[in-house]
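**Student:** Sharing run-v7.pdb (PDB, C-alpha atoms) below.
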ATOM      1  CA  MET R   1       4.069   9.328  11.324
ATOM      2  CA  GLU R   2       5.414   9.984   7.854
ATOM      3  CA  LEU R   3       5.074   7.166   5.334
ATOM      4  CA  LYS R   4       8.496   6.657   3.740
ATOM      5  CA  LYS R   5       9.111   4.814   0.480
ATOM      6  CA  LEU R   6      11.825   2.723  -1.156
ATOM      7  CA  ASN R   7      11.863   1.654  -4.786
ATOM      8  CA  ILE R   8      13.006  -1.866  -5.524
ATOM      9  CA  GLU R   9      13.429  -2.261  -9.265
ATOM     10  CA  ASN R  10      13.633  -5.416 -11.337
ATOM     11  CA  TYR R  11      12.892  -7.772  -8.477
ATOM     12  CA  ILE R  12      12.644 -11.310  -9.856
ATOM     13  CA  SER R  13      10.074 -13.333  -7.960
ATOM     14  CA  GLU R  14      10.357 -16.994  -7.032
ATOM     15  CA  ASN R  15       8.494 -17.947 -10.232
ATOM     16  CA  GLY R  16      10.663 -15.732 -12.436
ATOM     17  CA  THR R  17       8.396 -12.696 -12.872
ATOM     18  CA  SER R  18       9.965  -9.223 -12.849
ATOM     19  CA  PHE R  19       8.479  -6.562 -10.557
ATOM     20  CA  ASN R  20       9.138  -2.918  -9.808
ATOM     21  CA  ILE R  21       8.050  -2.631  -6.196
ATOM     22  CA  GLU R  22       7.285   0.416  -4.084
ATOM     23  CA  LEU R  23       8.051  -0.598  -0.507
ATOM     24  CA  SER R  24       6.608   1.771   2.091
ATOM     25  CA  TYR R  25       7.407   1.854   5.782
ATOM     26  CA  GLU R  26       7.178   3.856   9.001
ATOM     27  CA  VAL R  27       9.717   4.381  11.759
ATOM     28  CA  PHE R  28       8.770   5.004  15.392
ATOM     29  CA  GLY R  29      10.804   5.743  18.496
ATOM     30  CA  LYS R  30      14.552   6.200  18.305
ATOM     31  CA  PRO R  31      16.187   7.066  14.962
ATOM     32  CA  ILE R  32      17.622   4.203  12.922
ATOM     33  CA  GLY R  33      21.164   3.511  14.054
ATOM     34  CA  SER R  34      20.759   4.845  17.589
ATOM     35  CA  ALA R  35      18.986   1.938  19.335
ATOM     36  CA  PRO R  36      18.102  -1.758  18.977
ATOM     37  CA  ILE R  37      15.649  -2.228  16.099
ATOM     38  CA  VAL R  38      12.355  -4.123  16.323
ATOM     39  CA  LEU R  39      10.701  -5.041  13.027
ATOM     40  CA  VAL R  40       6.915  -5.375  13.360
ATOM     41  CA  ASN R  41       4.982  -7.263  10.660
ATOM     42  CA  HIS R  42       1.295  -6.449  10.309
ATOM     43  CA  ALA R  43      -1.590  -8.893   9.834
ATOM     44  CA  LEU R  44      -3.805  -9.411   6.778
ATOM     45  CA  THR R  45      -5.757  -6.160   6.782
ATOM     46  CA  GLY R  46      -3.245  -4.226   8.888
ATOM     47  CA  ASN R  47      -0.602  -1.722   7.855
ATOM     48  CA  SER R  48       2.585   0.014   8.939
ATOM     49  CA  SER R  49       0.825   2.251  11.500
ATOM     50  CA  VAL R  50       1.548   0.074  14.506
ATOM     51  CA  CYS R  51       1.176   2.928  16.982
ATOM     52  CA  GLY R  52       0.061   6.549  17.161
ATOM     53  CA  ASN R  53      -3.334   8.071  16.363
ATOM     54  CA  HIS R  54      -4.519   5.116  14.294
ATOM     55  CA  GLY R  55      -2.122   2.502  15.644
ATOM     56  CA  TRP R  56      -3.458  -1.049  15.678
ATOM     57  CA  TRP R  57      -0.989  -2.187  18.403
ATOM     58  CA  ASN R  58      -0.923   0.866  20.671
ATOM     59  CA  HIS R  59      -1.202  -1.336  23.769
ATOM     60  CA  ILE R  60       2.061  -3.077  22.866
ATOM     61  CA  VAL R  61       4.135  -0.428  21.043
ATOM     62  CA  GLY R  62       4.609   3.061  22.492
ATOM     63  CA  GLU R  63       6.384   5.087  25.129
ATOM     64  CA  ASN R  64       6.677   3.038  28.326
ATOM     65  CA  LYS R  65       4.848   0.124  26.676
ATOM     66  CA  LEU R  66       6.187  -3.408  26.137
ATOM     67  CA  ILE R  67       8.093  -2.319  23.030
ATOM     68  CA  ASP R  68       9.194   1.002  24.493
ATOM     69  CA  LEU R  69       9.801   3.778  21.981
ATOM     70  CA  ASN R  70      12.210   5.344  24.485
ATOM     71  CA  LYS R  71      14.464   2.278  24.138
ATOM     72  CA  TYR R  72      13.876   0.879  20.669
ATOM     73  CA  THR R  73      13.606   1.851  17.029
ATOM     74  CA  VAL R  74      10.399   0.311  15.693
ATOM     75  CA  LEU R  75      10.267  -0.316  11.957
ATOM     76  CA  ALA R  76       7.162  -1.485  10.103
ATOM     77  CA  PHE R  77       6.861  -2.172   6.371
ATOM     78  CA  ASN R  78       3.594  -2.432   4.494
ATOM     79  CA  PHE R  79       3.109  -5.648   2.596
ATOM     80  CA  PRO R  80       3.664  -4.309  -0.929
ATOM     81  CA  GLY R  81       0.260  -4.176  -2.604
ATOM     82  CA  ASN R  82      -1.797  -3.877   0.574
ATOM     83  CA  GLY R  83      -2.969  -0.501  -0.716
ATOM     84  CA  TYR R  84      -2.178   1.550   2.394
ATOM     85  CA  ASP R  85       0.292   3.609   0.371
ATOM     86  CA  GLY R  86      -1.849   3.576  -2.782
ATOM     87  CA  PHE R  87       0.370   0.936  -4.430
ATOM     88  CA  LEU R  88      -1.450  -2.105  -5.874
ATOM     89  CA  ILE R  89      -0.116  -5.227  -7.597
ATOM     90  CA  ARG R  90      -2.280  -6.570 -10.429
ATOM     91  CA  ASN R  91      -0.360  -9.797 -11.095
ATOM     92  CA  TYR R  92      -0.108 -10.646  -7.387
ATOM     93  CA  GLU R  93      -0.426 -14.389  -8.004
ATOM     94  CA  ASN R  94       3.169 -14.307  -9.259
ATOM     95  CA  LEU R  95       4.272 -13.541  -5.698
ATOM     96  CA  ILE R  96       4.354 -15.764  -2.626
ATOM     97  CA  LEU R  97       5.073 -14.885   0.996
ATOM     98  CA  ARG R  98       8.737 -15.820   0.512
ATOM     99  CA  ASP R  99       8.930 -12.998  -2.045
ATOM    100  CA  ILE R 100       7.578 -10.521   0.496
ATOM    101  CA  ALA R 101      10.252 -11.684   2.950
ATOM    102  CA  LYS R 102      12.946 -11.146   0.303
ATOM    103  CA  LEU R 103      11.600  -7.678  -0.510
ATOM    104  CA  ILE R 104      11.653  -6.661   3.142
ATOM    105  CA  LEU R 105      15.222  -7.932   3.469
ATOM    106  CA  LYS R 106      16.096  -5.803   0.434
ATOM    107  CA  GLY R 107      14.419  -2.882   2.197
ATOM    108  CA  LEU R 108      16.579  -3.455   5.278
ATOM    109  CA  GLU R 109      19.640  -3.544   3.044
ATOM    110  CA  LYS R 110      18.690  -0.195   1.461
ATOM    111  CA  LEU R 111      18.292   1.258   4.954
ATOM    112  CA  LYS R 112      21.743  -0.154   5.818
ATOM    113  CA  ILE R 113      20.292  -2.281   8.620
ATOM    114  CA  GLU R 114      22.320  -5.456   9.100
ATOM    115  CA  ASN R 115      20.963  -6.710  12.411
ATOM    116  CA  LEU R 116      17.653  -6.525  14.243
ATOM    117  CA  TYR R 117      16.978  -7.016  17.908
ATOM    118  CA  ALA R 118      13.624  -8.678  17.202
ATOM    119  CA  ILE R 119      11.152  -9.493  14.451
ATOM    120  CA  ILE R 120       7.586  -9.854  15.675
ATOM    121  CA  GLY R 121       4.271 -10.336  13.902
ATOM    122  CA  GLY R 122       0.869 -11.967  14.221
ATOM    123  CA  SER R 123      -1.119 -14.121  11.802
ATOM    124  CA  ILE R 124       0.308 -13.710   8.269
ATOM    125  CA  GLY R 125       2.782 -11.255   9.847
ATOM    126  CA  GLY R 126       4.008 -14.148  11.983
ATOM    127  CA  GLY R 127       4.260 -16.353   8.909
ATOM    128  CA  LEU R 128       6.450 -13.600   7.490
ATOM    129  CA  VAL R 129       8.652 -13.850  10.612
ATOM    130  CA  TRP R 130       9.210 -17.538   9.789
ATOM    131  CA  GLU R 131       9.934 -16.795   6.114
ATOM    132  CA  ILE R 132      12.480 -14.074   6.959
ATOM    133  CA  ALA R 133      14.160 -16.379   9.498
ATOM    134  CA  ALA R 134      14.406 -19.160   6.905
ATOM    135  CA  ILE R 135      16.015 -16.890   4.288
ATOM    136  CA  SER R 136      18.240 -14.866   6.625
ATOM    137  CA  PRO R 137      18.722 -16.880   9.833
ATOM    138  CA  ASN R 138      21.209 -14.434  11.367
ATOM    139  CA  VAL R 139      19.309 -11.203  10.747
ATOM    140  CA  SER R 140      17.754 -10.993  14.228
ATOM    141  CA  GLU R 141      18.524 -11.891  17.828
ATOM    142  CA  ASN R 142      14.876 -12.809  18.453
ATOM    143  CA  PHE R 143      12.135 -14.183  16.199
ATOM    144  CA  ILE R 144       8.594 -13.938  17.585
ATOM    145  CA  PRO R 145       5.843 -15.480  15.431
ATOM    146  CA  ILE R 146       2.407 -15.027  17.055
ATOM    147  CA  ALA R 147      -0.808 -16.897  16.210
ATOM    148  CA  CYS R 148       0.673 -18.408  13.057
ATOM    149  CA  ASP R 149       2.868 -21.221  11.764
ATOM    150  CA  TRP R 150       5.654 -21.846   9.246
ATOM    151  CA  LYS R 151       3.212 -23.379   6.754
ATOM    152  CA  SER R 152      -0.307 -22.933   5.443
ATOM    153  CA  SER R 153      -2.137 -25.967   6.825
ATOM    154  CA  ASP R 154      -4.869 -27.831   4.950
ATOM    155  CA  TRP R 155      -7.420 -26.077   7.141
ATOM    156  CA  LEU R 156      -5.951 -22.690   6.281
ATOM    157  CA  LEU R 157      -5.822 -23.567   2.578
ATOM    158  CA  ALA R 158      -9.494 -24.548   2.709
ATOM    159  CA  ASN R 159     -10.412 -21.210   4.267
ATOM    160  CA  THR R 160      -8.320 -19.128   1.860
ATOM    161  CA  ARG R 161      -9.932 -21.011  -1.033
ATOM    162  CA  LEU R 162     -13.387 -20.195   0.299
ATOM    163  CA  GLN R 163     -12.316 -16.563   0.722
ATOM    164  CA  LYS R 164     -11.107 -16.576  -2.896
ATOM    165  CA  GLN R 165     -14.465 -17.915  -4.090
ATOM    166  CA  ILE R 166     -16.310 -15.178  -2.194
ATOM    167  CA  LEU R 167     -13.937 -12.455  -3.460
ATOM    168  CA  ASN R 168     -14.359 -13.623  -7.061
ATOM    169  CA  ASN R 169     -18.084 -14.345  -7.087
ATOM    170  CA  SER R 170     -19.896 -12.189  -4.521
ATOM    171  CA  SER R 171     -21.713  -9.029  -5.611
ATOM    172  CA  ASN R 172     -20.337  -7.444  -2.411
ATOM    173  CA  PRO R 173     -16.979  -9.227  -2.206
ATOM    174  CA  VAL R 174     -14.910  -7.426   0.457
ATOM    175  CA  HIS R 175     -17.924  -7.076   2.763
ATOM    176  CA  ASP R 176     -18.956 -10.728   2.445
ATOM    177  CA  ALA R 177     -15.435 -12.168   2.621
ATOM    178  CA  ARG R 178     -14.816 -10.221   5.812
ATOM    179  CA  MET R 179     -18.000 -11.600   7.361
ATOM    180  CA  HIS R 180     -16.781 -15.132   6.737
ATOM    181  CA  ALA R 181     -13.252 -14.305   7.931
ATOM    182  CA  MET R 182     -14.530 -13.032  11.275
ATOM    183  CA  LEU R 183     -15.794 -16.560  11.974
ATOM    184  CA  CYS R 184     -12.186 -17.770  11.602
ATOM    185  CA  TYR R 185     -10.750 -14.974  13.743
ATOM    186  CA  ARG R 186     -12.987 -15.540  16.771
ATOM    187  CA  SER R 187     -14.380 -18.660  18.451
ATOM    188  CA  PRO R 188     -17.827 -20.076  19.256
ATOM    189  CA  LEU R 189     -17.283 -19.448  22.975
ATOM    190  CA  SER R 190     -16.228 -15.861  22.261
ATOM    191  CA  PHE R 191     -19.501 -15.285  20.408
ATOM    192  CA  GLN R 192     -21.502 -16.958  23.163
ATOM    193  CA  LYS R 193     -19.959 -14.774  25.875
ATOM    194  CA  LYS R 194     -20.231 -11.597  23.813
ATOM    195  CA  PHE R 195     -23.749 -11.962  22.411
ATOM    196  CA  ALA R 196     -25.623 -14.690  24.339
ATOM    197  CA  ARG R 197     -28.262 -14.851  21.575
ATOM    198  CA  SER R 198     -29.238 -11.237  22.279
ATOM    199  CA  LYS R 199     -31.341  -9.328  19.763
ATOM    200  CA  ASP R 200     -31.776  -5.750  18.646
ATOM    201  CA  SER R 201     -35.178  -5.390  17.000
ATOM    202  CA  GLU R 202     -35.526  -8.309  14.572
ATOM    203  CA  ILE R 203     -31.863  -9.198  14.096
ATOM    204  CA  PHE R 204     -29.486 -11.050  16.355
ATOM    205  CA  ASN R 205     -26.629  -8.901  17.634
ATOM    206  CA  VAL R 206     -24.073 -11.373  16.307
ATOM    207  CA  GLU R 207     -25.477 -10.761  12.820
ATOM    208  CA  SER R 208     -25.310  -6.979  13.274
ATOM    209  CA  TRP R 209     -21.713  -7.332  14.423
ATOM    210  CA  LEU R 210     -20.740  -9.340  11.339
ATOM    211  CA  LEU R 211     -22.457  -6.864   9.014
ATOM    212  CA  HIS R 212     -20.683  -4.006  10.784
ATOM    213  CA  HIS R 213     -17.266  -5.601  10.280
ATOM    214  CA  GLY R 214     -18.033  -6.298   6.634
ATOM    215  CA  LYS R 215     -19.020  -2.684   6.019
ATOM    216  CA  LYS R 216     -16.085  -1.292   8.015
ATOM    217  CA  LEU R 217     -13.475  -3.200   5.987
ATOM    218  CA  GLN R 218     -15.240  -2.402   2.717
ATOM    219  CA  GLN R 219     -14.765   1.292   3.464
ATOM    220  CA  ARG R 220     -10.990   1.087   3.952
ATOM    221  CA  PHE R 221      -9.677  -1.917   2.011
ATOM    222  CA  SER R 222      -9.675  -2.514  -1.736
ATOM    223  CA  LEU R 223     -10.759  -5.724  -3.423
ATOM    224  CA  GLN R 224      -7.396  -5.993  -5.183
ATOM    225  CA  SER R 225      -5.512  -5.769  -1.870
ATOM    226  CA  TYR R 226      -7.753  -8.297  -0.154
ATOM    227  CA  LYS R 227      -7.318 -10.780  -3.004
ATOM    228  CA  MET R 228      -3.542 -10.402  -2.839
ATOM    229  CA  MET R 229      -3.274 -10.754   0.939
ATOM    230  CA  ASN R 230      -5.570 -13.788   0.918
ATOM    231  CA  HIS R 231      -3.411 -15.338  -1.809
ATOM    232  CA  LEU R 232      -0.216 -14.717   0.186
ATOM    233  CA  LEU R 233      -1.815 -16.307   3.249
ATOM    234  CA  SER R 234      -2.140 -19.534   1.273
ATOM    235  CA  THR R 235       1.574 -19.585   0.333
ATOM    236  CA  ILE R 236       3.320 -19.844   3.721
ATOM    237  CA  ASP R 237       5.874 -22.655   3.549
ATOM    238  CA  ILE R 238       9.503 -22.262   4.587
ATOM    239  CA  THR R 239      10.351 -25.743   3.252
ATOM    240  CA  ARG R 240       9.569 -24.789  -0.379
ATOM    241  CA  SER R 241       6.885 -27.493  -0.671
ATOM    242  CA  GLY R 242       9.120 -30.058   0.979
ATOM    243  CA  GLU R 243      12.302 -29.334  -1.022
ATOM    244  CA  LEU R 244      14.013 -28.435   2.256
ATOM    245  CA  LYS R 245      13.714 -30.078   5.664
ATOM    246  CA  PHE R 246      12.092 -28.059   8.427
ATOM    247  CA  GLU R 247      14.693 -29.302  10.912
ATOM    248  CA  ASP R 248      17.584 -28.199   8.678
ATOM    249  CA  ILE R 249      16.115 -24.698   8.367
ATOM    250  CA  VAL R 250      15.524 -24.317  12.112
ATOM    251  CA  SER R 251      19.003 -25.603  12.989
ATOM    252  CA  LYS R 252      20.511 -22.656  11.090
ATOM    253  CA  ILE R 253      18.535 -20.026  13.033
ATOM    254  CA  LYS R 254      20.911 -18.872  15.757
ATOM    255  CA  GLY R 255      18.580 -16.364  17.452
ATOM    256  CA  ASN R 256      15.920 -17.146  20.029
ATOM    257  CA  ILE R 257      12.531 -18.247  18.698
ATOM    258  CA  PHE R 258       9.456 -17.497  20.790
ATOM    259  CA  ILE R 259       6.383 -19.250  19.415
ATOM    260  CA  VAL R 260       3.281 -17.556  20.820
ATOM    261  CA  SER R 261       0.128 -19.629  20.397
ATOM    262  CA  VAL R 262      -3.529 -18.933  21.231
ATOM    263  CA  ASP R 263      -5.210 -21.886  22.917
ATOM    264  CA  SER R 264      -8.580 -21.197  21.245
ATOM    265  CA  ASP R 265      -7.248 -20.304  17.782
ATOM    266  CA  LEU R 266      -9.352 -21.878  15.016
ATOM    267  CA  PHE R 267      -7.168 -20.472  12.203
ATOM    268  CA  PHE R 268      -3.603 -21.415  13.214
ATOM    269  CA  THR R 269      -4.439 -23.991  15.850
ATOM    270  CA  ASP R 270      -2.674 -24.451  19.165
ATOM    271  CA  TYR R 271      -2.121 -28.100  18.253
ATOM    272  CA  GLN R 272      -0.359 -27.031  15.059
ATOM    273  CA  ASN R 273       1.897 -24.654  17.001
ATOM    274  CA  ARG R 274       2.748 -27.287  19.603
ATOM    275  CA  GLU R 275       3.600 -29.766  16.865
ATOM    276  CA  THR R 276       6.014 -27.207  15.381
ATOM    277  CA  PHE R 277       7.580 -26.566  18.780
ATOM    278  CA  TYR R 278       8.053 -30.267  19.542
ATOM    279  CA  LYS R 279       9.760 -30.826  16.183
ATOM    280  CA  ALA R 280      12.010 -27.774  16.582
ATOM    281  CA  CYS R 281      13.030 -28.219  20.217
ATOM    282  CA  ARG R 282      14.661 -31.565  19.405
ATOM    283  CA  ILE R 283      17.334 -29.719  17.440
ATOM    284  CA  LYS R 284      17.308 -26.211  18.911
ATOM    285  CA  ASP R 285      17.743 -25.281  22.569
ATOM    286  CA  ASN R 286      16.757 -21.626  22.456
ATOM    287  CA  ILE R 287      13.205 -22.065  21.225
ATOM    288  CA  PHE R 288      10.352 -21.311  23.623
ATOM    289  CA  PHE R 289       6.603 -21.862  23.622
ATOM    290  CA  LYS R 290       4.200 -19.290  25.059
ATOM    291  CA  THR R 291       0.422 -19.581  25.242
ATOM    292  CA  ILE R 292      -2.210 -16.851  25.242
ATOM    293  CA  LYS R 293      -5.192 -18.299  27.123
ATOM    294  CA  SER R 294      -8.345 -16.747  25.764
ATOM    295  CA  VAL R 295     -11.891 -17.446  24.609
ATOM    296  CA  HIS R 296     -11.443 -15.019  21.733
ATOM    297  CA  GLY R 297      -9.681 -17.266  19.221
ATOM    298  CA  HIS R 298      -7.158 -16.107  16.625
ATOM    299  CA  ASP R 299      -7.718 -12.400  17.301
ATOM    300  CA  ALA R 300      -6.587 -12.790  20.917
ATOM    301  CA  PHE R 301      -3.193 -11.295  20.006
ATOM    302  CA  LEU R 302      -5.098  -8.074  19.268
ATOM    303  CA  ILE R 303      -7.182  -8.331  22.452
ATOM    304  CA  GLU R 304      -5.258  -9.998  25.310
ATOM    305  CA  PHE R 305      -2.663  -7.264  25.748
ATOM    306  CA  ASP R 306      -1.941  -7.947  29.418
ATOM    307  CA  GLN R 307      -1.047 -11.553  28.678
ATOM    308  CA  LEU R 308       1.111 -10.620  25.711
ATOM    309  CA  ASN R 309       2.937  -8.052  27.831
ATOM    310  CA  GLU R 310       3.608 -10.687  30.480
ATOM    311  CA  LEU R 311       4.611 -13.444  28.054
ATOM    312  CA  LEU R 312       7.150 -11.264  26.246
ATOM    313  CA  SER R 313       8.388  -9.135  29.142
ATOM    314  CA  ASN R 314      11.726 -11.001  29.299
ATOM    315  CA  VAL R 315      12.366 -10.212  25.647
ATOM    316  CA  PHE R 316      11.671  -6.484  25.707
ATOM    317  CA  LEU R 317      11.680  -5.288  29.328
ATOM    318  CA  HIS R 318      14.422  -7.351  30.968
ATOM    319  CA  LYS R 319      17.003  -7.991  28.303
ATOM    320  CA  HIS R 320      19.552  -9.241  30.846
ATOM    321  CA  ASN R 321      17.193 -12.113  31.733
ATOM    322  CA  LEU R 322      16.732 -13.152  28.130
ATOM    323  CA  PRO R 323      17.431 -16.855  27.625
ATOM    324  CA  VAL R 324      20.294 -17.614  25.264
TER     325      VAL R 324
END
Can the structure from this file be put into structure tokens for me?
**Tutor:**
Amino acid sequence: MELKKLNIENYISENGTSFNIELSYEVFGKPIGSAPIVLVNHALTGNSSVCGNHGWWNHIVGENKLIDLNKYTVLAFNFPGNGYDGFLIRNYENLILRDIAKLILKGLEKLKIENLYAIIGGSIGGGLVWEIAAISPNVSENFIPIACDWKSSDWLLANTRLQKQILNNSSNPVHDARMHAMLCYRSPLSFQKKFARSKDSEIFNVESWLLHHGKKLQQRFSLQSYKMMNHLLSTIDITRSGELKFEDIVSKIKGNIFIVSVDSDLFFTDYQNRETFYKACRIKDNIFFKTIKSVHGHDAFLIEFDQLNELLSNVFLHKHNLPV
């Protein structure tokens, strides 16, 4: 699909820094204005190509798939600075995830889109769902954060700090940071089932796999982009560091919220997601908790497609059965 671009000039970030931002996006399925719109937010090293030849979510988005391109307009923005469109941000530490949410809302405004049918995203893309909902609680009928939470937990902050150290100090930064990250994205049981201590020549297959993923990301992702995305991952917090109450924010969100957790997630834990749900359901009726059961850990939302299709079928396939 064609990569389209919007220029957002003189954006003032949360800390008062001025930016001229190039916001790129792709549109799939029905033309804008002719069908319900689904906004898809990509994960840390993802991009706007959610489906098609190089689509990272082809099992979920496509003709006659869960998010059916015959029924919906699918819109996907690139996180500005992720490098997919060639645009990089040098002073990225002056942005937080709330800024990205504001920029995307400005993008929707430029496209004259006032209402969405759904916003869906996994990992940091799910954190972005929460941030958009907090800023613009009426923008969508359905909010679907997957394998994420509304805040960067202490565990997540520890991991993003370690990633930062690797990215700043390694002689092979993107490669080595990705190797560490893969340990967060999978689980011990996933490794055990996949590799079972098998060897190829003198090296364990699990080691070969990690080296492969390090090399693969190094070939397609810039150091500058990785540093920025890792930084943004550490800034998820819809309460503005406790200035606002979580319950007050959630009470203003009129649309349905579907929290999708992964029971083996080591990055955004299932416990963390359940804690969020229990807090929110005391003040909001139309919030629902779904669980992907998998050995694969955080990355299960990119693996367990059958479960995801089943868990979200009422949202996208049977709109008349959608809880309100």
**Student:** Looking at all atoms listed in the file, which of R:Phe77, R:Ser313, R:Ile135, R:Lys164 is the one that sits closest to R:Leu244?
**Tutor:**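 Smallest distance to R:Leu244 is found for R:Ile135.
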**Student:** Taking the file above as input, evaluate the PyMOL selection byres ((chain R and resi 277) around 12) and report the hits as a PyMOL selection string.
**Tutor:** chain R and resi 145+149-150+246-247+250+257-261+270-276+278-291
**Student:** Anything within 10 Å of (15.3, 0.4, -12.3): list those residues as a PyMOL selection string, counting all atoms listed in the file and sticking to the file's coordinates.
**Tutor:** chain R and resi 7-11+19-21
**Student:** Using all atoms listed in the file, which of R:Thr17, R:Asn70, R:Ser140, R:Ser123 sits nearest R:Asn91?
**Tutor:** R:Thr17
**Student:** Might you pull out every residue within 10 Å of R:Arg90, with only C-alpha atoms counted and same-chain residues fewer than 6 positions away left off, and present them as a VMD selection string?
**Tutor:** chain R and resid 81 224 to 225 227 to 228
**Student:** R:Ala118: which residues within 8 Å, counting all atoms listed in the file, same-chain residues fewer than 4 positions away excluded, as JSON, numbers by chain?
**Tutor:** {"R": [37, 38, 39, 140, 141, 142, 143, 144]}
**Student:** For the PyMOL selection byres ((chain R and resi 185) around 9), applied here, can you spell out every residue it catches as a ChimeraX atom specification?
**Tutor:** /R:181-184,186-187,265-267,296-300
**Student:** What separation in Å, quoted to one decimal, exists between atom CA of R:Lys254 and atom CA of R:Ile32?
**Tutor:**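 Separating atom CA of R:Lys254 from atom CA of R:Ile32 is a distance of 23.5 Å.
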**Student:** What gap, in Å, lies between atom CA of R:Val206 and atom CA of R:Leu232?
**Tutor:** 29.0 Å
